[in-house]
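Okay, structure first, notes after.
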Amino acid sequence: MTEFTALSRRGALRLGAAVLTIAAAPKVWAQAAAPAAPTGPFSLPKRSYEANALEPHIDAQTMDIHYNRHHAAYVAALNNAAKDNGVIAKASLADLLADLGQLPDNLRTVVRNNGGGHANHSMFWEVMGPGAGGAPGGDLAAAITRDLGGFDKFKADFEAAGLRVFGSGWVFVTVDRGGRLAVLPRPNQDSPLMEKQLVLFGNDVWEHAYYLKYQNRRADYLKSWWNVVDWSKIGARYAAAKAGTLAI
Ligand SMILES: [Fe+2]
């Protein structure tokens, strides 16, 4: 059993216990529920750069709408669900996503869509930055060569996977505790976290991420996105994954 699997199982146990507690005492949880959105257990993460910092590759208006409306809507929906369902407020986001099957039917889709959206976008803002681009270094570069056929082949495969997403979704790079990498596209706001995998980084290929500047030219967006990828941040996530401290 990997440590991550063990962690996830512990999360499942905590989540399962919380579900049982709520089922047994709904009035107590209702009294303890968080107030209506936007306040609640979930919040928009602070970005370390301004909305216009990724120009010309991602325009300021797209960044503003994407962060303040799309991502904020996922956070508000999660907080709204948490008002009446203490299980959402009690568990970590990573545990919620890893153990969606433990949730009651009426919460599962809400958490899948909005919890997935919150986790995916929180990662997305983190791995981008101004003055970024270039290439990874150190053991991350070595892992890309070992597992993904080298940096140029990896970028081509990642872009192709992003292009093949039909409709809305994401293209991710997953990492396991041994540092092994894989490219993994997923639809909608689904995340590899829902399959008990860790996300090293990923790109948002929903039209809201690029349509104002690139219209239907998703391929151009995918290619341009490398200019804003902050490999130092991704290198830190890679180290955290191997150390067992990477959450979302
Ligand atoms: Fe998005």
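In the structure tokens, chains take the letters A, B, ... in the order shown, each chain's residues start at 1, and ligands count up from 1 in the order shown.
Residues of protein, DNA or RNA having any atom at most 7 Å from ligand 1, counting only C-alpha atoms and all ligand atoms, are A:His66, A:His70, A:His71, A:His121, A:Asp204, A:Trp206, A:His208, A:Ala209.
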Assign secondary structure with DSSP using the backbone only, and return the residues of range 48-223 of chain A in strand (DSSP E) as number ranges by chain.
A: 169-175, 181-187, 198-204
Nearby residues (only C-alpha atoms) at most 8 Å from Lys213 in chain A, same-chain spacing under 3 positions excluded, as a PyMOL selection string:
chain A and resi 58-59+62+210
Output C-alpha atoms for every residue in the selection just made, as a short mmCIF file (atom, residue, chain, number, x, y, z; two decimals), in the first residue's frame.
```
data_model
loop_
_atom_site.label_atom_id
_atom_site.label_comp_id
_atom_site.auth_asym_id
_atom_site.auth_seq_id
_atom_site.Cartn_x
_atom_site.Cartn_y
_atom_site.Cartn_z
CA ILE A 58 -3.52 35.53 -21.28
CA ASP A 59 -5.37 38.84 -21.39
CA THR A 62 -10.01 36.79 -19.24
CA TYR A 210 -9.13 31.50 -23.68
#
```
Using the chain letters and numbers from this document, which residues of range 2-238 of chain A does DSSP assign to alpha helix (DSSP H), as a PyMOL selection string?
chain A and resi 3-24+26-32+60-65+72-84+86-90+93-98+105-110+116-126+138-148+151-164+211-214+218-225+231-238
Just the residues within 12 Å of Gly235 in chain A, please, counting only C-alpha atoms, with nothing from its chain fewer than 2 positions along; format it as a ChimeraX atom specification.
/A:126-127,135-144,175,179,200-201,229-233,237-242,246
Calculate how many Å separate CA of Gln189 in chain A from CA of Leu54 in chain A, rounding to one decimal.
23.0 Å
Near-Leu96 in chain A list (9 Å; only C-alpha atoms; drop same-chain fewer than 2 positions) as a VMD selection string
chain A and resid 11 to 12 15 87 to 88 91 to 94 98 to 100 102 to 103 111 to 112 115 194
Please produce an output containing N, CA and C atoms for each residue in the selection, written as an mmCIF file, in the first residue's frame.
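Output file selection_39.cif is given in full below:
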```cif
data_model
loop_
_atom_site.group_PDB
_atom_site.id
_atom_site.type_symbol
_atom_site.label_atom_id
_atom_site.label_comp_id
_atom_site.auth_asym_id
_atom_site.auth_seq_id
_atom_site.Cartn_x
_atom_site.Cartn_y
_atom_site.Cartn_z
ATOM 1 N N GLY A 11 -8.659 9.310 5.023
ATOM 2 C CA GLY A 11 -9.609 10.353 4.672
ATOM 3 C C GLY A 11 -10.998 9.783 4.510
ATOM 4 N N ALA A 12 -11.077 8.607 3.865
ATOM 5 C CA ALA A 12 -12.378 7.969 3.662
ATOM 6 C C ALA A 12 -13.019 7.643 4.994
ATOM 7 N N LEU A 15 -14.235 10.825 6.502
ATOM 8 C CA LEU A 15 -15.403 11.290 5.763
ATOM 9 C C LEU A 15 -16.605 10.437 6.106
ATOM 10 N N VAL A 87 -20.628 17.860 6.595
ATOM 11 C CA VAL A 87 -19.572 16.973 6.106
ATOM 12 C C VAL A 87 -18.662 17.707 5.139
ATOM 13 N N ILE A 88 -19.210 18.644 4.382
ATOM 14 C CA ILE A 88 -18.399 19.370 3.401
ATOM 15 C C ILE A 88 -17.429 20.294 4.119
ATOM 16 N N ALA A 91 -14.387 18.050 6.174
ATOM 17 C CA ALA A 91 -13.318 17.311 5.499
ATOM 18 C C ALA A 91 -12.461 18.266 4.677
ATOM 19 N N SER A 92 -11.222 17.877 4.431
ATOM 20 C CA SER A 92 -10.382 18.677 3.544
ATOM 21 C C SER A 92 -10.886 18.505 2.118
ATOM 22 N N LEU A 93 -10.578 19.492 1.272
ATOM 23 C CA LEU A 93 -11.001 19.407 -0.126
ATOM 24 C C LEU A 93 -10.406 18.164 -0.786
ATOM 25 N N ALA A 94 -9.146 17.862 -0.501
ATOM 26 C CA ALA A 94 -8.513 16.684 -1.101
ATOM 27 C C ALA A 94 -9.235 15.406 -0.687
ATOM 28 N N ALA A 98 -11.201 12.800 -3.121
ATOM 29 C CA ALA A 98 -10.693 11.429 -3.197
ATOM 30 C C ALA A 98 -11.766 10.407 -2.842
ATOM 31 N N ASP A 99 -12.758 10.851 -2.088
ATOM 32 C CA ASP A 99 -13.764 9.910 -1.589
ATOM 33 C C ASP A 99 -15.174 10.391 -1.914
ATOM 34 N N LEU A 100 -15.369 10.811 -3.146
ATOM 35 C CA LEU A 100 -16.699 11.267 -3.558
ATOM 36 C C LEU A 100 -17.765 10.204 -3.311
ATOM 37 N N GLN A 102 -18.177 8.365 -0.940
ATOM 38 C CA GLN A 102 -18.633 8.331 0.450
ATOM 39 C C GLN A 102 -19.717 9.365 0.722
ATOM 40 N N LEU A 103 -19.887 10.296 -0.195
ATOM 41 C CA LEU A 103 -20.847 11.372 0.041
ATOM 42 C C LEU A 103 -22.268 10.917 -0.275
ATOM 43 N N VAL A 111 -20.233 18.492 -5.126
ATOM 44 C CA VAL A 111 -18.815 18.510 -4.744
ATOM 45 C C VAL A 111 -17.943 18.154 -5.936
ATOM 46 N N ARG A 112 -18.400 17.216 -6.750
ATOM 47 C CA ARG A 112 -17.609 16.841 -7.935
ATOM 48 C C ARG A 112 -17.385 18.052 -8.834
ATOM 49 N N GLY A 115 -16.232 21.370 -6.121
ATOM 50 C CA GLY A 115 -14.980 21.051 -5.438
ATOM 51 C C GLY A 115 -13.873 20.796 -6.444
ATOM 52 N N MET A 194 -9.788 12.778 -7.918
ATOM 53 C CA MET A 194 -10.973 11.933 -7.725
ATOM 54 C C MET A 194 -10.646 10.459 -7.968
#
```
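Restricting the calculation to only C-alpha atoms, the smallest distance between Asn114 in chain A and any of A:Asn68, A:Ser48, A:Gln215, A:Asn79 is found for A:Asn79.
Of the listed residues (A:Asp84, A:Glu159, A:Glu50, A:Glu55), A:Asp84 comes nearest to Leu107 in chain A; the distances count only C-alpha atoms.
For the pair CA of Leu184 in chain A and CA of Phe172 in chain A, the separation is 5.1 Å.
Separating CA of Phe151 in chain A from CA of His57 in chain A is a distance of 20.4 Å.
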